file coords27.tsv (TSV, C-alpha atoms)
chain	number	residue	atom	x	y	z
A	148	MET	CA	0.00	0.00	0.00
A	149	ALA	CA	1.27	3.50	-0.85
A	150	THR	CA	2.35	5.63	2.11
A	151	CYS	CA	2.46	9.36	2.83
A	152	SER	CA	5.21	11.49	1.22
A	153	SER	CA	5.94	13.35	4.46
A	154	ALA	CA	9.32	12.52	5.98
A	155	GLY	CA	8.88	10.17	8.93
A	156	CYS	CA	5.20	9.44	8.19
A	157	ASP	CA	4.27	5.93	7.09
A	158	LYS	CA	0.48	6.26	7.20
A	159	PRO	CA	-1.30	4.75	4.17
A	160	ILE	CA	-2.70	6.92	1.38
A	161	THR	CA	-6.49	6.71	1.43
A	162	SER	CA	-7.30	9.60	-0.93
A	163	ASN	CA	-5.85	11.41	-3.95
A	164	LEU	CA	-4.52	14.33	-1.87
A	165	ALA	CA	-1.47	15.32	-3.96
A	166	CYS	CA	0.69	18.43	-3.80
A	167	PRO	CA	-0.69	20.78	-6.51
A	168	LYS	CA	2.62	22.61	-6.90
A	169	CYS	CA	4.45	19.39	-7.82
A	170	THR	CA	1.84	18.75	-10.51
A	171	GLN	CA	2.15	22.31	-11.81
A	172	LEU	CA	5.95	21.99	-12.08
A	173	GLY	CA	5.76	18.61	-13.82
A	174	LEU	CA	7.26	16.69	-10.90
A	175	PRO	CA	6.23	13.16	-9.90
A	176	PRO	CA	3.05	13.35	-7.78
A	177	ALA	CA	3.58	13.56	-4.00
A	178	TYR	CA	0.64	12.12	-2.06
A	179	PHE	CA	-0.16	12.87	1.59
A	180	CYS	CA	-2.26	11.05	4.17
A	181	SER	CA	-4.11	14.20	5.27
A	182	GLN	CA	-4.30	17.96	4.80
A	183	ALA	CA	-2.84	18.41	8.31
A	184	CYS	CA	0.20	16.27	7.48
A	185	PHE	CA	0.71	18.15	4.23
A	186	LYS	CA	0.66	21.52	6.03
A	187	ALA	CA	2.95	20.31	8.83
A	188	ASN	CA	5.60	19.19	6.34
A	189	TRP	CA	5.24	22.05	3.87
A	190	GLY	CA	8.44	23.73	5.07
A	191	SER	CA	10.64	20.82	4.02
A	192	HIS	CA	8.58	19.67	1.03
A	193	LYS	CA	8.66	23.07	-0.69
A	194	GLN	CA	12.46	22.84	-1.02
A	195	VAL	CA	11.84	20.47	-3.96
A	196	HIS	CA	9.80	23.22	-5.63
A	197	ALA	CA	12.58	25.77	-5.14
A	198	LEU	CA	15.08	23.44	-6.81
A	199	ALA	CA	12.70	22.80	-9.68
A	200	LYS	CA	12.17	26.50	-10.27
A	201	GLN	CA	15.93	27.18	-10.29
A	202	ILE	CA	16.53	24.55	-12.94
A	203	ILE	CA	13.59	25.64	-15.08
A	204	GLU	CA	14.76	29.27	-14.96
A	205	ALA	CA	18.32	28.27	-15.84
A	206	GLN	CA	17.10	26.21	-18.78
A	207	GLN	CA	14.91	29.05	-20.04
A	208	SER	CA	17.76	31.57	-19.84
A	209	ALA	CA	20.40	29.32	-21.41
A	210	PRO	CA	21.86	30.61	-24.71
A	211	SER	CA	20.61	28.79	-27.80
A	212	HIS	CA	24.10	27.78	-28.96
A	213	GLY	CA	24.52	25.80	-25.75
A	214	LYS	CA	28.21	26.60	-25.32
A	215	THR	CA	28.24	29.20	-22.52
A	216	PRO	CA	26.20	28.36	-19.44
A	217	PRO	CA	24.42	31.24	-17.69
A	218	ARG	CA	26.20	32.79	-14.71
A	219	ASP	CA	24.82	31.14	-11.58
A	220	GLY	CA	26.62	33.23	-8.97
A	221	SER	CA	28.02	30.13	-7.26
A	222	THR	CA	30.75	28.62	-9.47
A	223	ALA	CA	34.13	29.68	-10.83
A	224	PRO	CA	36.48	27.93	-13.30
A	225	PHE	CA	39.40	25.90	-11.98
A	226	ASP	CA	41.80	28.52	-13.37
A	227	ALA	CA	40.00	31.56	-11.94
A	228	PRO	CA	42.08	34.01	-9.81
A	229	ALA	CA	42.26	33.16	-6.12
A	230	ASP	CA	40.32	36.25	-5.07
A	231	VAL	CA	37.48	35.27	-7.41
A	232	LYS	CA	37.38	31.72	-6.08
A	233	MET	CA	37.23	32.99	-2.51
A	234	SER	CA	34.42	35.47	-3.14
A	235	LEU	CA	31.03	34.84	-1.60
A	236	PRO	CA	28.32	33.18	-3.70
A	237	GLU	CA	25.54	35.57	-4.61
A	238	TRP	CA	23.10	33.95	-2.18
A	239	ALA	CA	25.53	34.62	0.71
A	240	GLN	CA	26.29	38.29	0.15
A	241	ASN	CA	23.51	39.54	2.42
A	242	TYR	CA	22.99	36.34	4.36
A	243	GLU	CA	22.97	36.34	8.18
A	244	PHE	CA	25.28	33.49	9.24
A	245	SER	CA	25.00	31.81	12.63
A	246	GLY	CA	28.76	31.25	12.97
A	247	PRO	CA	32.14	32.37	11.58
A	248	LEU	CA	32.39	29.96	8.61
A	249	ARG	CA	31.86	31.46	5.17
A	250	PRO	CA	31.42	29.66	1.83
A	251	ALA	CA	33.54	30.23	-1.26
A	252	LEU	CA	32.65	29.59	-4.88
A	253	LEU	CA	32.36	26.06	-6.29
A	254	SER	CA	34.35	24.45	-9.07
A	255	PRO	CA	32.55	23.20	-12.21
A	256	LYS	CA	30.64	19.94	-11.88
A	257	ARG	CA	32.84	16.88	-12.34
A	258	THR	CA	31.96	14.37	-15.03
A	259	VAL	CA	31.39	10.61	-14.95
A	260	PRO	CA	32.46	8.38	-17.87
A	261	PRO	CA	29.86	6.17	-19.60
A	262	ASN	CA	31.34	2.90	-18.31
A	263	ILE	CA	30.29	3.73	-14.75
A	264	ARG	CA	26.85	2.48	-13.70
A	265	LYS	CA	24.71	5.41	-12.59
A	266	PRO	CA	21.78	5.55	-10.17
A	267	ASP	CA	18.49	6.74	-11.65
A	268	TYR	CA	18.83	10.28	-10.32
A	269	ALA	CA	22.26	10.90	-11.88
A	270	ASP	CA	20.88	12.40	-15.08
A	271	HIS	CA	17.49	13.57	-13.79
A	272	PRO	CA	17.14	17.36	-14.22
A	273	LEU	CA	16.00	17.68	-10.60
A	274	GLY	CA	18.10	14.81	-9.28
A	275	ILE	CA	14.98	12.95	-8.21
A	276	SER	CA	15.24	9.22	-7.57
A	277	ASP	CA	12.12	7.71	-9.12
A	278	SER	CA	12.99	4.33	-7.59
A	279	GLU	CA	13.03	5.84	-4.09
A	280	GLN	CA	9.72	7.60	-4.74
A	281	ARG	CA	8.12	4.34	-5.96
A	282	ASP	CA	9.53	2.45	-3.01
A	283	LYS	CA	8.09	4.98	-0.57
A	284	ARG	CA	4.66	4.74	-2.18
A	285	ASN	CA	4.52	0.97	-2.47
A	286	HIS	CA	6.49	-0.57	0.41
A	287	ASN	CA	6.28	-0.22	4.16
A	288	SER	CA	8.34	-3.23	5.24
A	289	ILE	CA	12.11	-3.17	5.78
A	290	ARG	CA	14.02	-5.10	3.13
A	291	ILE	CA	15.93	-8.21	4.17
A	292	TYR	CA	19.14	-8.72	2.19
A	293	THR	CA	20.10	-12.27	1.30
A	294	PRO	CA	23.65	-13.68	1.50
A	295	ASN	CA	23.79	-13.65	-2.30
A	296	GLU	CA	22.90	-9.94	-2.47
A	297	LEU	CA	25.55	-9.22	0.13
A	298	ASP	CA	28.36	-11.41	-1.13
A	299	ILE	CA	28.25	-11.52	-4.93
A	300	GLU	CA	31.19	-9.90	-6.70
A	301	HIS	CA	29.59	-6.45	-6.81
A	302	GLY	CA	27.16	-6.93	-3.96
A	303	LEU	CA	26.30	-4.72	-1.03
A	304	ARG	CA	29.34	-5.75	0.97
A	305	HIS	CA	31.57	-4.70	-1.96
A	306	ALA	CA	29.88	-1.27	-2.20
A	307	CYS	CA	30.56	-0.67	1.50
A	308	ARG	CA	34.18	-1.77	1.17
A	309	MET	CA	34.64	0.61	-1.75
A	310	GLY	CA	33.16	3.43	0.32
A	311	ARG	CA	35.66	2.71	3.08
A	312	GLU	CA	38.58	2.79	0.64
A	313	VAL	CA	37.41	6.09	-0.84
A	314	LEU	CA	36.96	7.69	2.59
A	315	ASP	CA	40.43	6.53	3.60
A	316	ALA	CA	41.87	8.15	0.46
A	317	ALA	CA	40.07	11.41	1.25
A	318	GLY	CA	41.27	11.34	4.84
A	319	LYS	CA	44.89	10.96	3.72
A	320	ALA	CA	44.56	14.07	1.54
A	321	LEU	CA	43.22	16.20	4.41
A	322	ARG	CA	45.56	18.81	5.93
A	323	PRO	CA	45.70	22.58	6.56
A	324	GLY	CA	45.74	24.52	3.29
A	325	VAL	CA	43.88	21.91	1.22
A	326	THR	CA	40.53	23.00	-0.19
A	327	THR	CA	37.40	20.94	0.28
A	328	ASP	CA	37.16	21.07	-3.54
A	329	GLU	CA	40.43	19.10	-3.62
A	330	ILE	CA	38.87	16.55	-1.23
A	331	ASP	CA	35.95	16.33	-3.66
A	332	ARG	CA	38.37	15.68	-6.54
A	333	VAL	CA	40.08	12.91	-4.56
A	334	VAL	CA	36.74	11.28	-3.70
A	335	HIS	CA	35.42	11.59	-7.25
A	336	GLU	CA	38.51	10.07	-8.85
A	337	ALA	CA	38.90	7.36	-6.18
A	338	ALA	CA	35.28	6.28	-6.74
A	339	LEU	CA	35.71	6.14	-10.51
A	340	GLU	CA	38.96	4.16	-10.16
A	341	ARG	CA	36.91	1.54	-8.30
A	342	GLU	CA	34.20	1.57	-11.00
A	343	CYS	CA	31.80	3.28	-8.61
A	344	TYR	CA	29.57	6.32	-8.97
A	345	PRO	CA	29.91	8.89	-6.13
A	346	SER	CA	26.33	8.70	-4.83
A	347	PRO	CA	25.90	12.32	-3.65
A	348	LEU	CA	26.53	13.72	-7.14
A	349	ASN	CA	23.25	15.21	-8.46
A	350	TYR	CA	21.17	13.54	-5.72
A	351	TYR	CA	18.33	16.07	-5.61
A	352	ASN	CA	20.81	18.34	-7.43
A	353	PHE	CA	23.59	18.16	-4.83
A	354	PRO	CA	26.46	19.57	-6.93
A	355	LYS	CA	29.43	17.56	-5.66
A	356	SER	CA	30.64	13.99	-5.09
A	357	VAL	CA	31.09	14.17	-1.31
A	358	CYS	CA	29.80	16.17	1.65
A	359	THR	CA	32.44	18.11	3.60
A	360	SER	CA	31.15	19.68	6.83
A	361	ILE	CA	33.45	22.04	8.73
A	362	ASN	CA	33.13	23.29	12.32
A	363	GLU	CA	29.53	24.57	12.78
A	364	VAL	CA	28.30	22.70	9.71
A	365	ILE	CA	26.25	19.72	10.87
A	366	CYS	CA	25.94	17.90	7.55
A	367	HIS	CA	25.59	18.30	3.76
A	368	GLY	CA	28.39	20.83	3.44
A	369	ILE	CA	29.24	21.51	-0.22
A	370	PRO	CA	32.95	21.32	-1.16
A	371	ASP	CA	34.28	24.67	-2.41
A	372	TYR	CA	37.48	26.65	-2.89
A	373	ARG	CA	37.89	27.52	0.82
A	374	GLU	CA	41.13	26.21	2.31
A	375	ILE	CA	40.90	24.10	5.45
A	376	GLN	CA	42.42	25.93	8.41
A	377	ASP	CA	44.63	24.74	11.25
A	378	GLY	CA	42.20	23.94	14.08
A	379	ASP	CA	39.20	23.02	11.91
A	380	ILE	CA	37.18	19.88	12.50
A	381	VAL	CA	36.12	18.40	9.16
A	382	ASN	CA	33.55	15.70	8.47
A	383	ILE	CA	33.89	13.77	5.21
A	384	ASP	CA	30.75	11.87	4.18
A	385	VAL	CA	31.24	9.33	1.38
A	386	THR	CA	28.78	7.09	-0.42
A	387	THR	CA	29.69	4.85	-3.37
A	388	TYR	CA	27.35	3.14	-5.85
A	389	ASN	CA	28.90	0.07	-7.44
A	390	LEU	CA	28.41	-1.91	-10.66
A	391	GLY	CA	25.98	-4.23	-8.87
A	392	GLY	CA	23.67	-1.33	-8.07
A	393	TYR	CA	24.33	-0.99	-4.32
A	394	HIS	CA	25.25	2.01	-2.16
A	395	GLY	CA	27.71	1.99	0.77
A	396	ASP	CA	27.60	5.01	3.11
A	397	LEU	CA	29.94	6.19	5.90
A	398	ASN	CA	31.57	9.28	7.37
A	399	GLU	CA	34.19	10.39	9.86
A	400	THR	CA	35.12	13.69	11.49
A	401	PHE	CA	38.80	14.63	11.48
A	402	CYS	CA	40.78	17.05	13.65
A	403	VAL	CA	43.03	19.16	11.40
A	404	GLY	CA	46.12	20.66	13.02
A	405	LYS	CA	45.84	22.01	16.58
A	406	VAL	CA	42.21	21.52	17.56
A	407	ASP	CA	41.21	22.87	20.98
A	408	ALA	CA	39.85	20.77	23.85
A	409	GLU	CA	36.19	21.53	23.09
A	410	GLY	CA	36.64	20.55	19.45
A	411	LYS	CA	38.27	17.27	20.43
A	412	LYS	CA	35.51	16.65	22.96
A	413	VAL	CA	32.67	16.92	20.46
A	414	VAL	CA	34.51	14.70	17.96
A	415	ARG	CA	35.14	11.96	20.52
A	416	THR	CA	31.59	12.27	21.86
A	417	ALA	CA	30.17	11.75	18.36
A	418	PHE	CA	32.36	8.64	17.95
A	419	GLU	CA	31.28	7.22	21.30
A	420	CYS	CA	27.61	7.96	20.58
A	421	LEU	CA	27.78	5.86	17.40
A	422	ALA	CA	29.69	3.09	19.16
A	423	ALA	CA	27.08	2.95	21.93
A	424	ALA	CA	24.28	2.67	19.41
A	425	LEU	CA	25.97	-0.07	17.38
A	426	ALA	CA	26.51	-2.09	20.55
A	427	LEU	CA	22.71	-2.54	20.66
A	428	VAL	CA	22.29	-3.70	17.07
A	429	LYS	CA	21.02	-7.30	17.02
A	430	PRO	CA	17.85	-9.20	16.14
A	431	GLY	CA	14.95	-8.05	18.32
A	432	THR	CA	16.23	-4.56	19.15
A	433	LEU	CA	13.72	-1.78	18.55
A	434	TYR	CA	15.01	0.91	16.22
A	435	ARG	CA	13.79	3.60	18.59
A	436	ASP	CA	16.07	2.31	21.36
A	437	LEU	CA	19.25	3.46	19.62
A	438	GLY	CA	18.33	7.06	20.36
A	439	THR	CA	18.32	6.41	24.09
A	440	ALA	CA	21.85	4.95	24.01
A	441	ILE	CA	23.07	7.95	22.02
A	442	HIS	CA	21.30	10.35	24.40
A	443	LYS	CA	23.08	8.94	27.46
A	444	VAL	CA	26.54	9.44	25.96
A	445	ALA	CA	25.80	12.93	24.65
A	446	GLN	CA	24.25	14.06	27.92
A	447	LYS	CA	27.21	12.76	29.93
A	448	ASN	CA	29.49	14.96	27.82
A	449	GLN	CA	27.25	18.06	27.93
A	450	CYS	CA	26.50	17.84	24.22
A	451	SER	CA	23.21	17.91	22.30
A	452	ILE	CA	21.78	15.74	19.50
A	453	VAL	CA	20.46	17.04	16.19
A	454	ARG	CA	16.88	15.84	15.71
A	455	THR	CA	16.23	16.88	12.09
A	456	TYR	CA	18.38	14.22	10.38
A	457	CYS	CA	18.38	10.48	10.98
A	458	GLY	CA	19.97	7.21	9.89
A	459	HIS	CA	18.26	5.27	7.12
A	460	GLY	CA	17.93	2.02	5.28
A	461	ILE	CA	20.37	1.63	2.40
A	462	GLY	CA	21.34	-0.86	-0.30
A	463	SER	CA	19.87	-0.77	-3.77
A	464	LEU	CA	18.39	2.60	-2.71
A	465	PHE	CA	20.43	5.48	-1.27
A	466	HIS	CA	17.74	6.28	1.32
A	467	THR	CA	14.83	4.09	2.37
A	468	ILE	CA	13.17	2.67	5.49
A	469	PRO	CA	13.89	2.23	8.32
A	470	ASN	CA	14.28	5.75	9.66
A	471	VAL	CA	16.73	5.67	12.57
A	472	PRO	CA	16.38	8.75	14.82
A	473	HIS	CA	19.29	9.51	17.15
A	474	TYR	CA	17.47	11.17	20.04
A	475	HIS	CA	15.78	9.96	23.23
A	476	LYS	CA	12.05	9.08	23.26
A	477	ASN	CA	11.71	9.03	19.49
A	478	LYS	CA	8.82	7.22	17.83
A	479	ALA	CA	10.69	5.16	15.24
A	480	LYS	CA	8.86	2.04	14.12
A	481	GLY	CA	10.30	-1.39	13.54
A	482	THR	CA	12.29	-4.19	15.09
A	483	MET	CA	15.69	-5.32	13.83
A	484	LYS	CA	15.82	-8.62	11.94
A	485	VAL	CA	18.64	-10.62	10.40
A	486	GLY	CA	19.40	-9.16	6.97
A	487	HIS	CA	18.39	-5.56	7.73
A	488	VAL	CA	20.96	-3.03	6.44
A	489	PHE	CA	20.91	0.59	7.58
A	490	THR	CA	23.05	3.52	8.66
A	491	VAL	CA	23.47	5.06	12.09
A	492	GLU	CA	24.95	8.58	11.97
A	493	PRO	CA	24.35	10.74	15.08
A	494	MET	CA	25.14	14.45	14.68
A	495	ILE	CA	26.37	15.88	17.97
A	496	ASN	CA	26.59	19.60	18.83
A	497	LEU	CA	28.62	21.44	21.44
A	498	GLY	CA	25.78	23.91	21.94
A	499	LYS	CA	22.08	23.84	21.15
A	500	SER	CA	20.53	21.00	19.17
A	501	GLY	CA	18.82	23.24	16.60
A	502	ASP	CA	19.81	23.57	12.96
A	503	LEU	CA	19.46	26.01	10.08
A	504	THR	CA	19.95	25.55	6.35
A	505	TRP	CA	22.10	27.99	4.37
A	506	GLY	CA	20.82	29.70	1.27
A	507	ASP	CA	22.45	27.03	-0.90
A	508	ASN	CA	19.52	24.78	0.19
A	509	TRP	CA	21.90	22.08	1.45
A	510	THR	CA	24.37	23.14	4.15
A	511	ALA	CA	22.92	22.47	7.63
A	512	VAL	CA	24.53	24.50	10.44
A	513	THR	CA	24.05	24.93	14.17
A	514	THR	CA	21.78	27.78	15.22
A	515	ASP	CA	24.32	29.14	17.72
A	516	GLY	CA	27.42	28.77	15.53
A	517	LYS	CA	29.02	26.20	17.83
A	518	ARG	CA	30.72	23.15	16.37
A	519	SER	CA	29.18	19.82	15.41
A	520	ALA	CA	30.68	16.38	14.74
A	521	GLN	CA	29.46	13.09	13.28
A	522	PHE	CA	30.49	9.52	12.54
A	523	GLU	CA	28.51	7.07	10.41
A	524	HIS	CA	28.58	3.39	9.50
A	525	THR	CA	26.47	1.11	7.33
A	526	VAL	CA	25.63	-1.98	9.39
A	527	LEU	CA	24.13	-5.42	8.84
A	528	VAL	CA	22.02	-7.22	11.44
A	529	THR	CA	23.38	-10.75	11.84
A	530	GLU	CA	22.31	-13.80	13.84
A	531	THR	CA	24.76	-12.84	16.59
A	532	GLY	CA	24.48	-9.06	16.50
A	533	CYS	CA	25.97	-6.48	14.18
A	534	GLU	CA	28.48	-6.46	11.34
A	535	ILE	CA	29.90	-3.04	10.45
A	536	LEU	CA	30.06	-3.23	6.66
A	537	THR	CA	32.04	0.03	6.42
A	538	ALA	CA	34.46	-0.77	9.25
A	539	ARG	CA	38.11	0.24	9.22
A	540	ASP	CA	40.54	-2.57	8.48
A	541	ASN	CA	41.02	-4.82	11.51
A	542	GLU	CA	38.40	-2.93	13.55
A	543	PRO	CA	35.24	-5.08	13.71
A	544	VAL	CA	34.14	-3.18	16.82
A	545	MET	CA	34.53	0.60	16.95
A	546	THR	CA	37.65	1.51	18.94
A	547	TRP	CA	38.67	5.09	19.71
A	548	ASN	CA	42.13	6.06	18.48
A	549	GLU	CA	42.78	9.80	18.25
A	550	ASP	CA	45.73	9.27	15.93
A	551	LEU	CA	43.43	7.86	13.22
A	552	ILE	CA	41.38	11.06	12.99
A	553	SER	CA	44.20	13.58	13.50
A	554	ARG	CA	45.69	15.39	10.50
call {"tool": "encode", "arguments": {"input": "coords27.tsv", "output": "structure tokens"}}
result
Amino acid sequence: MATCSSAGCDKPITSNLACPKCTQLGLPPAYFCSQACFKANWGSHKQVHALAKQIIEAQQSAPSHGKTPPRDGSTAPFDAPADVKMSLPEWAQNYEFSGPLRPALLSPKRTVPPNIRKPDYADHPLGISDSEQRDKRNHNSIRIYTPNELDIEHGLRHACRMGREVLDAAGKALRPGVTTDEIDRVVHEAALERECYPSPLNYYNFPKSVCTSINEVICHGIPDYREIQDGDIVNIDVTTYNLGGYHGDLNETFCVGKVDAEGKKVVRTAFECLAAALALVKPGTLYRDLGTAIHKVAQKNQCSIVRTYCGHGIGSLFHTIPNVPHYHKNKAKGTMKVGHVFTVEPMINLGKSGDLTWGDNWTAVTTDGKRSAQFEHTVLVTETGCEILTARDNEPVMTWNEDLISR
């Protein structure tokens, strides 16, 4: 039975209540369980409309010869002068930021050769995944992955291993003075070398191949020409899509140069929050119980938990059920069973738990400008507990080692 298009709502669709704006813009229909649910989720749902309008306007204003793209106010060529690259995007010039971080311009979009298998959203003008939309409408049970799906040559286990290798390559490139655009180049090329598509690229029009989130950025930071500074904390979030059609998703937060005690605290707290949650993963555990384990660790360290973003099912789809909230007393549905595959990725703040989204429609930041950290793994529920599919080499159980995240 089809379910509601609102994030976190799995109520069945009993009427033809569809978003009229989606229909007007020519988007796939988005159905809702009730008028109240539609209104409550309008703030997040309308972001799809904003993206659609931007693309339609750009297409309408494009020159007929098709050689010179219209100025978008956000990108600069690779060979542009340094002062041009470091200038603010147009959206940011009168923007009220919550913290000290400022964006720079973006490099041109990187290309993917035809031999690489692409997810369905890769060439969609709005980056929409039709397969995810169909899955949301037609399925409300968590997929169980078989040993064959996990272990074939380009199965789910392979996609996760490729993601780990790509993240390790990105982490080795990280140091003061390197731009996040250079990290994006490393991730993009490392994925292609492994015959994988970098999953973030064009997902709902995300412009880059990796998310790089610095200091007060919680998640979905867009790589740009800004150089990483001594003392920054930097999260690198990698997902790879392999030839078998599976995604593997993970991230780590790194301390670059001389990070102060508070910065180190929030990074270690985020690591320990994820470790505490994964210790509960086994058949019979309720998905909602992970949030309580995370809450206890965060509270002990005087940190807060972001509530807006959650872990998710993953495999042949980038994002699917189950939803895995990271906070205490959440209302997540479902019980873990052998063969379930999902991510856990708590975002931990030094200050308040609230978040804002920059004018680029992607970058989530803390409301008070204080720093945030995150770690993420893709995990498999096994007969005996949990297998971390994106684990570091020789680390089947998460083990804190500051040297591994210091640059």
call {"tool": "atom_distance", "arguments": {"input": "coords27.tsv", "atom1": "CA of Asp328 (chain A)", "atom2": "CA of Cys366 (chain A)"}}
result
16.1 Å
call {"tool": "atom_distance", "arguments": {"input": "coords27.tsv", "atom1": "CA of Gly532 (chain A)", "atom2": "CA of Cys457 (chain A)"}}
result
21.2 Å
call {"tool": "closest_residue", "arguments": {"input": "coords27.tsv", "among": "A:Pro469, A:Gly368, A:Pro493, A:Gly458", "to": "Thr416 (chain A)", "atoms": "all atoms listed in the file"}}
result
A:Pro493
call {"tool": "residues_around", "arguments": {"input": "coords27.tsv", "residues": "Leu253 (chain A)", "least_positions_apart": "4", "cutoff": "10 Å", "atoms": "all atoms listed in the file", "output": "PyMOL selection string"}}
result
chain A and resi 220-225+232-233+236+327-328+354-355+369-373
call {"tool": "residues_around", "arguments": {"input": "coords27.tsv", "residues": "region 390-396 of chain A", "least_positions_apart": "6", "cutoff": "10 Å", "atoms": "all atoms listed in the file", "output": "ChimeraX atom specification"}}
result
/A:262-266,296-297,299-311,314,341-346,384,461-466,489-492,523-526,536-537
call {"tool": "closest_residue", "arguments": {"input": "coords27.tsv", "among": "A:Val231, A:Leu527, A:Ala422, A:Cys402", "to": "Glu542 (chain A)", "atoms": "all atoms listed in the file"}}
result
A:Ala422
call {"tool": "closest_residue", "arguments": {"input": "coords27.tsv", "among": "A:Ala320, A:Leu172, A:Cys358, A:Ile289", "to": "Val485 (chain A)", "atoms": "all atoms listed in the file"}}
result
A:Ile289
call {"tool": "residues_around", "arguments": {"input": "coords27.tsv", "residues": "Thr531 (chain A)", "least_positions_apart": "4", "cutoff": "12 Å", "atoms": "only C-alpha atoms", "output": "PyMOL selection string"}}
result
chain A and resi 426-431+484-486+527
call {"tool": "atom_distance", "arguments": {"input": "coords27.tsv", "atom1": "CA of His286 (chain A)", "atom2": "CA of Asn477 (chain A)"}}
result
22.0 Å
